[in-house]
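K.L.:
Starting off with a structure, shown below.
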Amino acid sequence: GLAYFNMVAAWGGYVFVINLVGAHAGVLILLGRHSSKLHAAYSGFYVVGTALAVQVPVVGWTPIRSLEQLGPLFVFFGMQFVEYCERVRTRDNLTRSQIWLLRVRIGGLVALVGAIVITALWPTGYFGPISSRVRGLFVPHTKTGN
(Lines give C-alpha, C1' and ligand atoms only; values in the text may rest on other atoms or scores of the structure.)
Protein backbone atom coordinates (compact mmCIF):
# COMPACT_ATOMS: atom_id res chain seq x y z
CA GLY A 1 0.00 0.00 0.00
CA LEU A 2 2.85 2.38 0.81
CA ALA A 3 4.65 1.57 -2.43
CA TYR A 4 1.40 2.17 -4.33
CA PHE A 5 1.03 5.54 -2.60
CA ASN A 6 4.55 6.43 -3.72
CA MET A 7 3.59 5.56 -7.30
CA VAL A 8 0.44 7.68 -7.06
CA ALA A 9 2.39 10.66 -5.77
CA ALA A 10 5.25 10.35 -8.26
CA TRP A 11 3.88 8.75 -11.43
CA GLY A 12 0.72 9.27 -13.45
CA GLY A 13 0.65 5.62 -14.54
CA TYR A 14 -0.46 4.40 -11.12
CA VAL A 15 -3.82 3.44 -12.67
CA PHE A 16 -2.16 0.61 -14.57
CA VAL A 17 -0.52 -0.67 -11.39
CA ILE A 18 -3.75 -0.86 -9.39
CA ASN A 19 -5.51 -2.52 -12.31
CA LEU A 20 -2.78 -5.14 -12.73
CA VAL A 21 -2.72 -5.97 -9.03
CA GLY A 22 -6.53 -6.13 -8.96
CA ALA A 23 -6.64 -8.28 -12.12
CA HIS A 24 -4.07 -10.67 -10.65
CA ALA A 25 -6.03 -11.04 -7.41
CA GLY A 26 -9.28 -11.46 -9.34
CA VAL A 27 -7.81 -14.18 -11.56
CA LEU A 28 -6.53 -16.01 -8.50
CA ILE A 29 -10.05 -15.98 -7.07
CA LEU A 30 -11.56 -17.21 -10.35
CA LEU A 31 -9.00 -20.02 -10.52
CA GLY A 32 -9.98 -21.18 -7.03
CA ARG A 33 -6.72 -20.08 -5.42
CA HIS A 34 -8.39 -18.02 -2.69
CA SER A 35 -6.79 -18.08 0.74
CA SER A 36 -7.03 -15.98 3.86
CA LYS A 37 -3.49 -14.78 3.14
CA LEU A 38 -4.54 -13.49 -0.29
CA HIS A 39 -7.54 -11.79 1.31
CA ALA A 40 -5.40 -10.11 3.97
CA ALA A 41 -2.73 -9.06 1.47
CA TYR A 42 -5.05 -7.60 -1.16
CA SER A 43 -7.39 -6.00 1.37
CA GLY A 44 -4.48 -4.36 3.18
CA PHE A 45 -2.95 -3.21 -0.09
CA TYR A 46 -6.22 -1.80 -1.40
CA VAL A 47 -7.37 -0.09 1.79
CA VAL A 48 -4.00 1.43 2.71
CA GLY A 49 -3.10 2.32 -0.88
CA THR A 50 -6.45 3.90 -1.68
CA ALA A 51 -6.69 5.75 1.64
CA LEU A 52 -3.28 7.28 1.01
CA ALA A 53 -3.90 7.87 -2.72
CA VAL A 54 -6.92 10.09 -2.06
CA GLN A 55 -4.65 12.33 0.03
CA VAL A 56 -2.69 13.37 -3.08
CA PRO A 57 -4.31 16.66 -4.17
CA VAL A 58 -4.09 15.99 -7.91
CA VAL A 59 -5.70 12.56 -7.51
CA GLY A 60 -8.40 13.30 -4.94
CA TRP A 61 -11.32 10.86 -5.00
CA THR A 62 -10.41 9.54 -8.46
CA PRO A 63 -9.60 6.00 -7.20
CA ILE A 64 -13.21 5.65 -6.05
CA ARG A 65 -14.91 7.58 -8.87
CA SER A 66 -12.96 6.71 -12.02
CA LEU A 67 -14.41 4.05 -14.30
CA GLU A 68 -10.86 2.92 -15.01
CA GLN A 69 -10.28 2.06 -11.35
CA LEU A 70 -13.61 0.44 -10.51
CA GLY A 71 -12.30 -3.02 -11.43
CA PRO A 72 -9.97 -3.25 -8.42
CA LEU A 73 -12.78 -1.91 -6.23
CA PHE A 74 -15.09 -4.69 -7.46
CA VAL A 75 -12.31 -7.23 -6.84
CA PHE A 76 -11.99 -5.87 -3.30
CA PHE A 77 -15.71 -6.27 -2.63
CA GLY A 78 -15.74 -9.67 -4.34
CA MET A 79 -12.88 -10.82 -2.16
CA GLN A 80 -14.79 -9.77 0.96
CA PHE A 81 -17.74 -11.82 -0.31
CA VAL A 82 -15.61 -14.91 -0.96
CA GLU A 83 -13.84 -14.62 2.40
CA TYR A 84 -17.17 -14.33 4.23
CA CYS A 85 -18.52 -17.42 2.47
CA GLU A 86 -15.34 -19.36 3.28
CA ARG A 87 -15.53 -18.42 6.95
CA VAL A 88 -19.19 -19.46 7.14
CA ARG A 89 -18.32 -22.73 5.39
CA THR A 90 -15.58 -23.61 7.86
CA ARG A 91 -17.56 -22.43 10.90
CA ASP A 92 -20.78 -24.28 10.05
CA ASN A 93 -19.16 -27.23 8.20
CA LEU A 94 -21.42 -26.78 5.16
CA THR A 95 -21.73 -29.25 2.29
CA ARG A 96 -20.96 -28.28 -1.31
CA SER A 97 -24.61 -27.67 -2.16
CA GLN A 98 -25.14 -25.58 0.97
CA ILE A 99 -22.10 -23.39 0.29
CA TRP A 100 -23.22 -22.81 -3.31
CA LEU A 101 -26.70 -21.89 -2.10
CA LEU A 102 -25.13 -19.46 0.39
CA ARG A 103 -22.95 -17.95 -2.36
CA VAL A 104 -25.92 -17.54 -4.71
CA ARG A 105 -28.08 -15.93 -2.04
CA ILE A 106 -25.42 -13.52 -0.76
CA GLY A 107 -24.07 -12.87 -4.26
CA GLY A 108 -27.56 -12.03 -5.49
CA LEU A 109 -28.09 -9.66 -2.58
CA VAL A 110 -24.72 -7.99 -3.15
CA ALA A 111 -25.42 -7.67 -6.89
CA LEU A 112 -28.84 -6.17 -6.21
CA VAL A 113 -27.48 -3.62 -3.74
CA GLY A 114 -24.59 -2.79 -6.08
CA ALA A 115 -26.94 -2.30 -9.03
CA ILE A 116 -29.16 0.00 -6.94
CA VAL A 117 -26.17 2.08 -5.79
CA ILE A 118 -24.73 2.37 -9.30
CA THR A 119 -28.16 3.20 -10.75
CA ALA A 120 -28.63 5.90 -8.12
CA LEU A 121 -25.15 7.42 -8.55
CA TRP A 122 -24.81 7.25 -12.35
CA PRO A 123 -27.23 10.10 -13.23
CA THR A 124 -25.59 12.40 -10.67
CA GLY A 125 -22.28 12.31 -12.56
CA TYR A 126 -20.51 10.64 -9.64
CA PHE A 127 -18.46 8.43 -11.94
CA GLY A 128 -16.04 10.31 -14.13
CA PRO A 129 -15.59 9.62 -17.85
CA ILE A 130 -12.96 7.28 -19.20
CA SER A 131 -9.70 9.16 -19.67
CA SER A 132 -8.44 10.16 -23.09
CA ARG A 133 -5.56 7.69 -22.74
CA VAL A 134 -7.97 4.78 -22.56
CA ARG A 135 -10.35 6.22 -25.18
CA GLY A 136 -7.38 6.52 -27.52
CA LEU A 137 -6.97 2.76 -27.39
CA PHE A 138 -10.45 2.10 -28.75
CA VAL A 139 -11.71 5.17 -30.61
CA PRO A 140 -9.72 5.96 -33.78
CA HIS A 141 -10.39 9.71 -33.91
CA THR A 142 -8.97 10.26 -30.40
CA LYS A 143 -5.52 8.84 -31.18
CA THR A 144 -2.79 11.43 -30.87
CA GLY A 145 -0.04 9.56 -32.67
CA ASN A 146 2.11 9.30 -29.54
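Within each chain, counting starts at residue 1; across the C-alpha coordinates, chains are named A, B, ... in the order shown, with ligands numbered 1 upward in that order.
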Skip region 72-81 of chain A itself and residues of its chain fewer than 3 positions away, then list as a ChimeraX atom specification all residues within 8 Å of it, counting only C-alpha atoms.
P.N.:
/A:18-19,21-23,25-26,29,39,42-43,46,64,69,84-85,106-107
K.L.:
Okay, now the selection with all heavy atoms, as a tab-separated table (two decimals), in the first residue's frame?
P.N.:
```tsv
chain	number	residue	atom	x	y	z
A	18	ILE	N	-2.62	-0.38	-10.19
A	18	ILE	CA	-3.75	-0.86	-9.39
A	18	ILE	C	-4.60	-1.84	-10.19
A	18	ILE	O	-5.10	-2.82	-9.65
A	18	ILE	CB	-4.58	0.32	-8.83
A	18	ILE	CG1	-5.62	-0.18	-7.81
A	18	ILE	CG2	-5.30	1.07	-9.92
A	18	ILE	CD1	-5.07	-0.57	-6.51
A	19	ASN	N	-4.74	-1.59	-11.49
A	19	ASN	CA	-5.51	-2.52	-12.31
A	19	ASN	C	-4.82	-3.86	-12.48
A	19	ASN	O	-5.48	-4.90	-12.46
A	19	ASN	CB	-5.82	-1.90	-13.67
A	19	ASN	CG	-6.94	-0.90	-13.59
A	19	ASN	OD1	-7.91	-1.09	-12.87
A	19	ASN	ND2	-6.81	0.18	-14.34
A	21	VAL	N	-2.65	-5.27	-10.32
A	21	VAL	CA	-2.72	-5.97	-9.03
A	21	VAL	C	-4.13	-6.51	-8.81
A	21	VAL	O	-4.32	-7.66	-8.39
A	21	VAL	CB	-2.28	-5.05	-7.87
A	21	VAL	CG1	-2.51	-5.71	-6.53
A	21	VAL	CG2	-0.80	-4.69	-8.03
A	22	GLY	N	-5.14	-5.69	-9.10
A	22	GLY	CA	-6.53	-6.13	-8.96
A	22	GLY	C	-6.87	-7.27	-9.90
A	22	GLY	O	-7.55	-8.22	-9.52
A	23	ALA	N	-6.39	-7.20	-11.15
A	23	ALA	CA	-6.64	-8.28	-12.12
A	23	ALA	C	-5.98	-9.57	-11.66
A	23	ALA	O	-6.58	-10.65	-11.76
A	23	ALA	CB	-6.13	-7.87	-13.49
A	25	ALA	N	-5.27	-10.50	-8.54
A	25	ALA	CA	-6.03	-11.04	-7.41
A	25	ALA	C	-7.36	-11.62	-7.88
A	25	ALA	O	-7.78	-12.68	-7.40
A	25	ALA	CB	-6.26	-9.95	-6.37
A	26	GLY	N	-8.02	-10.96	-8.82
A	26	GLY	CA	-9.28	-11.46	-9.34
A	26	GLY	C	-9.13	-12.78	-10.07
A	26	GLY	O	-9.95	-13.69	-9.91
A	29	ILE	N	-8.75	-15.60	-7.62
A	29	ILE	CA	-10.05	-15.98	-7.07
A	29	ILE	C	-10.80	-16.86	-8.06
A	29	ILE	O	-11.35	-17.90	-7.70
A	29	ILE	CB	-10.89	-14.73	-6.71
A	29	ILE	CG1	-10.24	-13.95	-5.59
A	29	ILE	CG2	-12.32	-15.11	-6.35
A	29	ILE	CD1	-10.24	-14.64	-4.26
A	39	HIS	N	-6.55	-12.76	0.86
A	39	HIS	CA	-7.54	-11.79	1.31
A	39	HIS	C	-6.89	-10.70	2.15
A	39	HIS	O	-7.12	-9.51	1.93
A	39	HIS	CB	-8.63	-12.49	2.12
A	39	HIS	CG	-9.60	-11.56	2.77
A	39	HIS	ND1	-9.53	-11.27	4.11
A	39	HIS	CD2	-10.61	-10.83	2.26
A	39	HIS	CE1	-10.49	-10.40	4.39
A	39	HIS	NE2	-11.16	-10.12	3.30
A	42	TYR	N	-4.40	-8.51	-0.22
A	42	TYR	CA	-5.05	-7.60	-1.16
A	42	TYR	C	-5.87	-6.55	-0.42
A	42	TYR	O	-5.87	-5.38	-0.80
A	42	TYR	CB	-5.92	-8.36	-2.16
A	42	TYR	CG	-6.50	-7.43	-3.20
A	42	TYR	CD1	-5.70	-6.94	-4.22
A	42	TYR	CD2	-7.82	-7.00	-3.14
A	42	TYR	CE1	-6.20	-6.07	-5.17
A	42	TYR	CE2	-8.33	-6.12	-4.08
A	42	TYR	CZ	-7.51	-5.66	-5.10
A	42	TYR	OH	-8.02	-4.78	-6.02
A	43	SER	N	-6.57	-6.96	0.62
A	43	SER	CA	-7.39	-6.00	1.37
A	43	SER	C	-6.52	-4.92	2.00
A	43	SER	O	-6.84	-3.74	1.94
A	43	SER	CB	-8.21	-6.71	2.44
A	43	SER	OG	-9.14	-7.59	1.84
A	46	TYR	N	-5.21	-2.68	-0.82
A	46	TYR	CA	-6.22	-1.80	-1.40
A	46	TYR	C	-6.66	-0.71	-0.43
A	46	TYR	O	-6.75	0.46	-0.80
A	46	TYR	CB	-7.44	-2.61	-1.88
A	46	TYR	CG	-8.38	-1.76	-2.67
A	46	TYR	CD1	-8.14	-1.51	-4.01
A	46	TYR	CD2	-9.48	-1.15	-2.08
A	46	TYR	CE1	-8.97	-0.69	-4.75
A	46	TYR	CE2	-10.32	-0.33	-2.81
A	46	TYR	CZ	-10.06	-0.10	-4.14
A	46	TYR	OH	-10.88	0.72	-4.86
A	64	ILE	N	-11.88	6.16	-6.37
A	64	ILE	CA	-13.21	5.65	-6.05
A	64	ILE	C	-14.21	6.01	-7.16
A	64	ILE	O	-15.20	5.32	-7.36
A	64	ILE	CB	-13.71	6.24	-4.71
A	64	ILE	CG1	-12.71	6.01	-3.60
A	64	ILE	CG2	-15.06	5.68	-4.33
A	64	ILE	CD1	-12.46	4.55	-3.27
A	69	GLN	N	-10.77	2.67	-12.59
A	69	GLN	CA	-10.28	2.06	-11.35
A	69	GLN	C	-11.39	1.34	-10.57
A	69	GLN	O	-11.18	0.95	-9.43
A	69	GLN	CB	-9.64	3.14	-10.49
A	69	GLN	CG	-8.43	3.75	-11.17
A	69	GLN	CD	-7.83	4.86	-10.36
A	69	GLN	OE1	-7.51	4.67	-9.20
A	69	GLN	NE2	-7.67	6.02	-10.97
A	84	TYR	N	-16.03	-14.10	3.33
A	84	TYR	CA	-17.17	-14.33	4.23
A	84	TYR	C	-17.76	-15.72	4.02
A	84	TYR	O	-18.02	-16.45	4.98
A	84	TYR	CB	-18.24	-13.26	4.02
A	84	TYR	CG	-19.49	-13.52	4.82
A	84	TYR	CD1	-19.52	-13.28	6.19
A	84	TYR	CD2	-20.62	-14.06	4.22
A	84	TYR	CE1	-20.65	-13.54	6.93
A	84	TYR	CE2	-21.76	-14.33	4.96
A	84	TYR	CZ	-21.77	-14.07	6.31
A	84	TYR	OH	-22.87	-14.35	7.05
A	85	CYS	N	-17.96	-16.09	2.77
A	85	CYS	CA	-18.52	-17.42	2.47
A	85	CYS	C	-17.59	-18.53	2.96
A	85	CYS	O	-18.07	-19.55	3.48
A	85	CYS	CB	-18.79	-17.56	0.97
A	85	CYS	SG	-20.16	-16.56	0.39
A	106	ILE	N	-26.16	-14.72	-1.14
A	106	ILE	CA	-25.42	-13.52	-0.76
A	106	ILE	C	-24.95	-12.78	-2.00
A	106	ILE	O	-25.02	-11.55	-2.06
A	106	ILE	CB	-24.25	-13.87	0.17
A	106	ILE	CG1	-24.79	-14.41	1.49
A	106	ILE	CG2	-23.37	-12.66	0.42
A	106	ILE	CD1	-23.73	-14.90	2.43
A	107	GLY	N	-24.49	-13.51	-3.01
A	107	GLY	CA	-24.07	-12.87	-4.26
A	107	GLY	C	-25.21	-12.12	-4.93
A	107	GLY	O	-25.02	-11.03	-5.45
```
K.L.:
Hey, can you check how far CA of Tyr126 (chain A) sits from CA of Tyr4 (chain A)?
P.N.:
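Answer for the CA of Tyr126 (chain A) to CA of Tyr4 (chain A) separation: 24.1 Å.
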K.L.:
Between A:Leu121, A:Leu109, A:Val82, A:Leu2, single out the one closest to His34 (chain A), counting only C-alpha atoms.
P.N.:
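So, comparing all the options, the nearest one is A:Val82.
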K.L.:
Return as a VMD selection string the full set of residues in region 33-100 of chain A whose backbone-based DSSP assignment is alpha helix (DSSP H).
P.N.:
chain A and resid 36 to 53 62 to 65 70 to 92 96 to 100
K.L.:
Give me the residues near region 49-53 of chain A as a PDB file with N, CA and C atoms, in the first residue's frame, where near means some atom within 9 Å (using only C-alpha atoms) and where sequence neighbours in that chain fewer than 2 positions away do not count.
P.N.:
```pdb
ATOM      1  N   GLY A   1       0.804  -1.188   0.000  1.00  0.00           N
ATOM      2  CA  GLY A   1       0.000   0.000   0.000  1.00  0.00           C
ATOM      3  C   GLY A   1       0.854   1.262   0.000  1.00  0.00           C
ATOM      4  N   LEU A   2       1.961   1.216   0.766  1.00  0.00           N
ATOM      5  CA  LEU A   2       2.849   2.384   0.813  1.00  0.00           C
ATOM      6  C   LEU A   2       3.577   2.578  -0.512  1.00  0.00           C
ATOM      7  N   ALA A   3       3.989   1.471  -1.134  1.00  0.00           N
ATOM      8  CA  ALA A   3       4.647   1.574  -2.435  1.00  0.00           C
ATOM      9  C   ALA A   3       3.672   2.101  -3.483  1.00  0.00           C
ATOM     10  N   TYR A   4       2.424   1.678  -3.407  1.00  0.00           N
ATOM     11  CA  TYR A   4       1.404   2.174  -4.332  1.00  0.00           C
ATOM     12  C   TYR A   4       1.196   3.674  -4.129  1.00  0.00           C
ATOM     13  N   PHE A   5       1.152   4.105  -2.885  1.00  0.00           N
ATOM     14  CA  PHE A   5       1.028   5.535  -2.596  1.00  0.00           C
ATOM     15  C   PHE A   5       2.184   6.309  -3.209  1.00  0.00           C
ATOM     16  N   ASN A   6       3.382   5.779  -3.113  1.00  0.00           N
ATOM     17  CA  ASN A   6       4.545   6.430  -3.717  1.00  0.00           C
ATOM     18  C   ASN A   6       4.362   6.541  -5.226  1.00  0.00           C
ATOM     19  N   VAL A   8       1.497   6.692  -6.814  1.00  0.00           N
ATOM     20  CA  VAL A   8       0.437   7.681  -7.056  1.00  0.00           C
ATOM     21  C   VAL A   8       1.016   9.081  -6.981  1.00  0.00           C
ATOM     22  N   ALA A   9       1.842   9.321  -5.972  1.00  0.00           N
ATOM     23  CA  ALA A   9       2.389  10.659  -5.766  1.00  0.00           C
ATOM     24  C   ALA A   9       3.433  11.033  -6.821  1.00  0.00           C
ATOM     25  N   GLY A  44      -5.401  -5.334   2.601  1.00  0.00           N
ATOM     26  CA  GLY A  44      -4.484  -4.358   3.182  1.00  0.00           C
ATOM     27  C   GLY A  44      -3.912  -3.431   2.134  1.00  0.00           C
ATOM     28  N   PHE A  45      -3.486  -4.013   1.011  1.00  0.00           N
ATOM     29  CA  PHE A  45      -2.954  -3.214  -0.088  1.00  0.00           C
ATOM     30  C   PHE A  45      -3.994  -2.210  -0.582  1.00  0.00           C
ATOM     31  N   TYR A  46      -5.212  -2.675  -0.820  1.00  0.00           N
ATOM     32  CA  TYR A  46      -6.225  -1.800  -1.402  1.00  0.00           C
ATOM     33  C   TYR A  46      -6.656  -0.711  -0.425  1.00  0.00           C
ATOM     34  N   VAL A  47      -6.900  -1.075   0.819  1.00  0.00           N
ATOM     35  CA  VAL A  47      -7.372  -0.087   1.795  1.00  0.00           C
ATOM     36  C   VAL A  47      -6.292   0.955   2.084  1.00  0.00           C
ATOM     37  N   GLN A  55      -5.270  11.187  -0.644  1.00  0.00           N
ATOM     38  CA  GLN A  55      -4.652  12.328   0.033  1.00  0.00           C
ATOM     39  C   GLN A  55      -3.803  13.174  -0.917  1.00  0.00           C
ATOM     40  N   VAL A  56      -3.463  12.614  -2.083  1.00  0.00           N
ATOM     41  CA  VAL A  56      -2.692  13.368  -3.075  1.00  0.00           C
ATOM     42  C   VAL A  56      -3.640  14.357  -3.747  1.00  0.00           C
ATOM     43  N   PRO A  57      -3.356  15.658  -3.670  1.00  0.00           N
ATOM     44  CA  PRO A  57      -4.308  16.661  -4.175  1.00  0.00           C
ATOM     45  C   PRO A  57      -4.707  16.486  -5.634  1.00  0.00           C
ATOM     46  N   VAL A  59      -4.914  13.784  -7.329  1.00  0.00           N
ATOM     47  CA  VAL A  59      -5.697  12.560  -7.509  1.00  0.00           C
ATOM     48  C   VAL A  59      -7.071  12.694  -6.871  1.00  0.00           C
ATOM     49  N   GLY A  60      -7.124  13.146  -5.637  1.00  0.00           N
ATOM     50  CA  GLY A  60      -8.396  13.297  -4.938  1.00  0.00           C
ATOM     51  C   GLY A  60      -9.166  11.985  -4.840  1.00  0.00           C
ATOM     52  N   TRP A  61     -10.459  12.042  -5.118  1.00  0.00           N
ATOM     53  CA  TRP A  61     -11.323  10.857  -5.005  1.00  0.00           C
ATOM     54  C   TRP A  61     -11.355  10.026  -6.280  1.00  0.00           C
ATOM     55  N   THR A  62     -10.440  10.267  -7.198  1.00  0.00           N
ATOM     56  CA  THR A  62     -10.414   9.535  -8.462  1.00  0.00           C
ATOM     57  C   THR A  62     -10.357   8.019  -8.287  1.00  0.00           C
ATOM     58  N   PRO A  63      -9.616   7.467  -7.334  1.00  0.00           N
ATOM     59  CA  PRO A  63      -9.601   6.000  -7.204  1.00  0.00           C
ATOM     60  C   PRO A  63     -10.966   5.388  -6.905  1.00  0.00           C
ATOM     61  N   ILE A  64     -11.882   6.164  -6.365  1.00  0.00           N
ATOM     62  CA  ILE A  64     -13.208   5.655  -6.054  1.00  0.00           C
ATOM     63  C   ILE A  64     -14.206   6.014  -7.159  1.00  0.00           C
TER      64      ILE A  64
END
```
K.L.:
So, with only C-alpha atoms as the atoms that count, which of A:Leu67, A:Val15, A:Ala41, A:Val27 lies closest to Phe127 (chain A)?
P.N.:
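Residue with the minimum atom-to-atom distance to Phe127 (chain A): A:Leu67.
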